[in-house]
Amino acid sequence: MKAIICNNFGPIKNIEYKEVDDPNLEEDSVLIKVSSVGVNFPDGLLVQGKYQLKPETPFIPGMEVAGEVIELGSKVSDFKVGDRVAGLSRLSGYAEKTAVKFSSVFKIPDNMSFDDSCALLCAYGTSHYALKQRGQLKRNETLVVLGASGSTGIAAIQIGKIIGAKVIAVASNAEKQKIAKNNGADMAIGYENLKEKLKDISDGKGIDVIFDPVGGDVFDTLARTMARKGRLLVIGFASGSIPKLAVNLALVKEFSVVGVFWGAFTRSEPVEYKKNMIELFNWHNNGLIKPLIGENHPLSDASKVLEKILARGAKGKIILKP
Ligand SMILES: NC(=O)c1ccc[n+]([C@@H]2O[C@H](COP(=O)([O-])OP(=O)(O)OC[C@H]3O[C@@H](n4cnc5c(N)ncnc54)[C@H](OP(=O)(O)O)[C@@H]3O)[C@@H](O)[C@H]2O)c1
């Protein structure tokens with residue numbers, strides 16, 4: 001089969017599209033003929049050796065796939081050949097076929113596209129867990145979403161609206177702000193004078209919940225705009241820099257800084273994780289959420305796509321097609 005290989009950690013352009021052996025099927029796994037691969041921001045960090053997970057090289061990157069089951073491990077009983085599924089793994093997704101543990105595979109409804117099902121895993125899964133379990137976002141609260149036109153950002157906007165929050169999107173240019181508004185944000189603003197704008201928008205009260213996948217310099221501003229008892233959700237550091245917090249701000253405003261690690265949630269709380277995914281699938285089925293599939297590219301273009309995402313070029317979810 002064809003796959004993307006990371007032979008050694010280094011520049012993204014070094015990853016290779018080439019012929020490799022088919023995957024081994026373990027007894028607790030299903031073999032999937034991959035139709036869609038969801039591209040995630042960390043994939044680009046992983047192949048450079050800049051992510052917390054550092055697999056032994058060579059390896060196939062990619063954590064999110066959707067397609068058809070073509071073979072079952074000997075201990076798998078809940079699936080059959082031909083099922084349409086989406087699956088989550090740590091690695092091995094950038095390939096024509098991949099084996100995924102059945103406990104991380106979901107059957108998908110006939111009316112759900114493979115592309116949408118990929119987006120519902122990591123992007124919607126993270127934003128849902130962040131706002132529901134970690135942020136405890138409530139109806140009529142204010143929610144500020146950074147990186148609002150990116151894949152977790154759009155998911156956070158749509159889920160924030162389902163919960164009934166007033167959603168303020170922050171994005172770096174007019175085109176991205178328009179995307180955020182088209183996806184349900186009540187308001188979309190840029191990074192300039194952010195502190196003053198957020199103060200005005202909240203009538204001086206401050207923001208109840210902030211969803212921050214960006215980090216870097218803007219974090220200090222965010223910490224200074226929190227409402228009393230607000231929750232500042234630490235999602236990621238797309239800016240490339242991990243900010244420091246002046247903890248006196250948390251004392252004075254009595255706000256919480258809340259870490260979010262969806263991968264750890266999926267592994268440590270499998271029952272809650274499954275419940276969350278069922279809720280997302282139901283919302284999708286009822287038309288309450290709709291992933292923005294920004295682009296589709298052949299799998300062979302993986303390096304160009306990863307470079308684009310890391311250069312701030314993502315709009316919605318990007319999918320690779322083997
Ligand atoms: N904690 C978790 O469980 C979890 C799960 C999934 C993802 N993440 C992390 O969350 C972050 C965002 O993921 P995503 O899938 O939403 O990514 P994405 O689709 O690429 O969006 C990231 C957004 O960040 C903003 N950004 C600001 N500075 C940037 C820079 N220097 N380079 C790139 N983007 C920059 C961009 O929006 P503007 O141009 O508008 O600023 C961009 O749209 C990543 O760090 C990822 O690793 C964490």
# chains A, B, ... in the order shown; residues from 1 in each chain; ligands from 1
call {"tool": "residues_near_ligand", "arguments": {"ligand": "ligand 1", "cutoff": "7 Å", "atoms": "only C-alpha atoms and all ligand atoms", "output": "MDAnalysis selection string"}}
result
chainID A and resid 40:42 122:123 126 146:153 170:173 176 213:214 235:240 260:263 309:317
call {"tool": "closest_atom_pairs", "arguments": {"of": "segment 77-181 of chain A", "to": "segment 270-276 of chain A", "cutoff": "8 Å", "atoms": "only C-alpha atoms", "output": "Markdown table"}}
result
| residue | atom | partner | partner_atom | distance |
| --- | --- | --- | --- | --- |
| A:Gly125 | CA | A:Asn276 | CA | 7.4 |
| A:His128 | CA | A:Asn276 | CA | 7.5 |
| A:Tyr129 | CA | A:Asn276 | CA | 7.4 |
call {"tool": "residues_around", "arguments": {"residues": "Leu53 of chain A", "least_positions_apart": "4", "cutoff": "9 Å", "atoms": "only C-alpha atoms", "output": "list in words"}}
result
Leu46, Gly49 and Arg90 of chain A
call {"tool": "residues_around", "arguments": {"residues": "Ala174 of chain A", "least_positions_apart": "4", "cutoff": "10 Å", "atoms": "only C-alpha atoms", "output": "PyMOL selection string"}}
result
chain A and resi 178-180+188-190
call {"tool": "atom_distance", "arguments": {"atom1": "atom CA of Glu19 of chain A", "atom2": "atom CA of Glu96 of chain A"}}
result
10.1 Å
call {"tool": "closest_residue", "arguments": {"among": "A:Lys161, A:Arg231, A:Lys2, A:Lys18", "to": "Arg134 of chain A", "atoms": "only C-alpha atoms"}}
result
A:Arg231
call {"tool": "closest_residue", "arguments": {"among": "A:Ser104, A:Thr225, A:Ser92, A:Ser29", "to": "Ser77 of chain A", "atoms": "only C-alpha atoms"}}
result
A:Ser29
call {"tool": "closest_residue", "arguments": {"among": "A:Val105, A:Ala227, A:Leu25, A:Ile154", "to": "Thr266 of chain A", "atoms": "only C-alpha atoms"}}
result
A:Val105
call {"tool": "select_by_dssp", "arguments": {"residues": "segment 178-249 of chain A", "states": "strand (DSSP E)", "output": "PyMOL selection string"}}
result
chain A and resi 187-189+207-212+226-234
call {"tool": "write_last_selection", "arguments": {"atoms": "C-alpha atoms", "output": "PDB file, in the first residue's frame"}}
result
ATOM      1  CA  MET A 187     -19.350  38.637  16.840  1.00  0.00           C
ATOM      2  CA  ALA A 188     -15.884  38.324  15.263  1.00  0.00           C
ATOM      3  CA  ILE A 189     -12.956  40.599  16.105  1.00  0.00           C
ATOM      4  CA  ILE A 207     -15.284  37.045  29.954  1.00  0.00           C
ATOM      5  CA  ASP A 208     -16.695  33.869  31.542  1.00  0.00           C
ATOM      6  CA  VAL A 209     -14.912  31.251  29.414  1.00  0.00           C
ATOM      7  CA  ILE A 210     -11.991  31.624  27.005  1.00  0.00           C
ATOM      8  CA  PHE A 211     -10.995  28.834  24.599  1.00  0.00           C
ATOM      9  CA  ASP A 212      -7.313  29.371  23.754  1.00  0.00           C
ATOM     10  CA  MET A 226     -11.420  37.231  32.729  1.00  0.00           C
ATOM     11  CA  ALA A 227     -14.655  37.639  34.680  1.00  0.00           C
ATOM     12  CA  ARG A 228     -14.752  36.706  38.340  1.00  0.00           C
ATOM     13  CA  LYS A 229     -14.910  32.874  38.559  1.00  0.00           C
ATOM     14  CA  GLY A 230     -14.175  32.620  34.822  1.00  0.00           C
ATOM     15  CA  ARG A 231     -12.415  29.644  33.201  1.00  0.00           C
ATOM     16  CA  LEU A 232      -9.427  30.167  30.913  1.00  0.00           C
ATOM     17  CA  LEU A 233      -9.087  26.970  28.877  1.00  0.00           C
ATOM     18  CA  VAL A 234      -5.555  26.044  27.794  1.00  0.00           C
TER      19      VAL A 234
END
call {"tool": "atom_distance", "arguments": {"atom1": "atom CA of Pro243 of chain A", "atom2": "atom CA of Gly204 of chain A"}}
result
24.6 Å
call {"tool": "residues_around", "arguments": {"residues": "Val30 of chain A", "least_positions_apart": "6", "cutoff": "7 Å", "atoms": "only C-alpha atoms", "output": "ChimeraX atom specification"}}
result
/A:69,71-73,99-102
call {"tool": "write_last_selection", "arguments": {"atoms": "N, CA and C atoms", "output": "compact mmCIF listing (two decimals), in the first residue's frame"}}
result
# COMPACT_ATOMS: atom_id res chain seq x y z
N VAL A 69 -14.46 -1.00 6.92
CA VAL A 69 -13.79 -2.14 7.54
C VAL A 69 -13.58 -3.22 6.48
N GLU A 71 -11.25 -6.03 7.29
CA GLU A 71 -10.86 -7.27 7.97
C GLU A 71 -10.98 -7.08 9.48
N LEU A 72 -11.27 -8.19 10.17
CA LEU A 72 -11.47 -8.09 11.63
C LEU A 72 -10.43 -8.91 12.37
N GLY A 73 -9.91 -8.38 13.48
CA GLY A 73 -9.05 -9.17 14.36
C GLY A 73 -9.87 -10.28 15.00
N ALA A 99 -4.71 -0.24 10.71
CA ALA A 99 -5.36 -1.10 11.71
C ALA A 99 -5.56 -0.26 12.98
N VAL A 100 -6.80 -0.23 13.47
CA VAL A 100 -7.12 0.58 14.66
C VAL A 100 -7.80 -0.31 15.69
N LYS A 101 -7.45 -0.12 16.97
CA LYS A 101 -8.06 -0.92 18.05
C LYS A 101 -9.57 -0.69 18.01
N PHE A 102 -10.35 -1.78 18.13
CA PHE A 102 -11.81 -1.63 17.95
C PHE A 102 -12.41 -0.70 18.98
call {"tool": "atom_distance", "arguments": {"atom1": "atom CA of Met277 of chain A", "atom2": "atom CA of Ile157 of chain A"}}
result
17.4 Å
call {"tool": "closest_residue", "arguments": {"among": "A:Phe114, A:Phe9, A:Phe219, A:Phe255", "to": "Glu56 of chain A", "atoms": "only C-alpha atoms"}}
result
A:Phe9
call {"tool": "residues_around", "arguments": {"residues": "Trp283 of chain A", "least_positions_apart": "4", "cutoff": "12 Å", "atoms": "only C-alpha atoms", "output": "list of chain:residue names"}}
result
A:Met112, A:Leu120, A:Tyr124, A:His128, A:Ala155, A:Gln158, A:Ile159, A:Ile162, A:Ile163, A:Asn276, A:Met277, A:Ile278, A:Glu279, A:Gly287, A:Leu288, A:Ile289, A:Lys290, A:Pro291
call {"tool": "write_last_selection", "arguments": {"atoms": "N, CA and C atoms", "output": "mmCIF file, in the first residue's frame"}}
result
data_model
loop_
_atom_site.group_PDB
_atom_site.id
_atom_site.type_symbol
_atom_site.label_atom_id
_atom_site.label_comp_id
_atom_site.auth_asym_id
_atom_site.auth_seq_id
_atom_site.Cartn_x
_atom_site.Cartn_y
_atom_site.Cartn_z
ATOM 1 N N MET A 112 -23.587 10.324 7.068
ATOM 2 C CA MET A 112 -22.436 11.134 7.512
ATOM 3 C C MET A 112 -21.250 10.871 6.575
ATOM 4 N N LEU A 120 -15.266 15.249 13.382
ATOM 5 C CA LEU A 120 -15.970 15.075 14.666
ATOM 6 C C LEU A 120 -15.073 14.442 15.723
ATOM 7 N N TYR A 124 -13.864 18.378 17.006
ATOM 8 C CA TYR A 124 -15.103 18.536 17.786
ATOM 9 C C TYR A 124 -14.976 17.847 19.138
ATOM 10 N N HIS A 128 -15.659 20.032 22.428
ATOM 11 C CA HIS A 128 -16.812 19.582 23.217
ATOM 12 C C HIS A 128 -16.384 19.280 24.653
ATOM 13 N N ALA A 155 -15.293 24.345 15.707
ATOM 14 C CA ALA A 155 -16.059 23.408 16.541
ATOM 15 C C ALA A 155 -16.479 24.090 17.837
ATOM 16 N N GLN A 158 -19.467 26.459 17.237
ATOM 17 C CA GLN A 158 -20.752 25.776 17.029
ATOM 18 C C GLN A 158 -21.260 25.145 18.327
ATOM 19 N N ILE A 159 -20.354 24.559 19.109
ATOM 20 C CA ILE A 159 -20.782 23.906 20.363
ATOM 21 C C ILE A 159 -21.161 24.972 21.399
ATOM 22 N N ILE A 162 -24.664 25.898 20.747
ATOM 23 C CA ILE A 162 -25.629 24.878 21.195
ATOM 24 C C ILE A 162 -25.868 25.018 22.700
ATOM 25 N N ILE A 163 -24.785 25.286 23.449
ATOM 26 C CA ILE A 163 -24.913 25.421 24.912
ATOM 27 C C ILE A 163 -25.681 26.700 25.261
ATOM 28 N N ASN A 276 -19.706 11.370 25.002
ATOM 29 C CA ASN A 276 -19.483 12.637 24.284
ATOM 30 C C ASN A 276 -19.599 12.429 22.776
ATOM 31 N N MET A 277 -18.987 11.341 22.282
ATOM 32 C CA MET A 277 -19.017 11.125 20.827
ATOM 33 C C MET A 277 -20.444 10.859 20.355
ATOM 34 N N ILE A 278 -21.222 10.138 21.163
ATOM 35 C CA ILE A 278 -22.615 9.877 20.771
ATOM 36 C C ILE A 278 -23.380 11.204 20.705
ATOM 37 N N GLU A 279 -23.117 12.086 21.685
ATOM 38 C CA GLU A 279 -23.798 13.392 21.663
ATOM 39 C C GLU A 279 -23.406 14.175 20.393
ATOM 40 N N GLY A 287 -28.404 18.221 12.492
ATOM 41 C CA GLY A 287 -28.024 19.453 11.793
ATOM 42 C C GLY A 287 -27.584 20.578 12.715
ATOM 43 N N LEU A 288 -27.294 20.270 13.976
ATOM 44 C CA LEU A 288 -26.885 21.327 14.914
ATOM 45 C C LEU A 288 -25.407 21.686 14.764
ATOM 46 N N ILE A 289 -24.605 20.726 14.334
ATOM 47 C CA ILE A 289 -23.195 21.029 14.047
ATOM 48 C C ILE A 289 -22.889 20.601 12.607
ATOM 49 N N LYS A 290 -22.013 21.355 11.967
ATOM 50 C CA LYS A 290 -21.633 21.013 10.593
ATOM 51 C C LYS A 290 -20.165 21.397 10.404
ATOM 52 N N PRO A 291 -19.267 20.395 10.371
ATOM 53 C CA PRO A 291 -17.847 20.733 10.194
ATOM 54 C C PRO A 291 -17.613 21.501 8.890
#
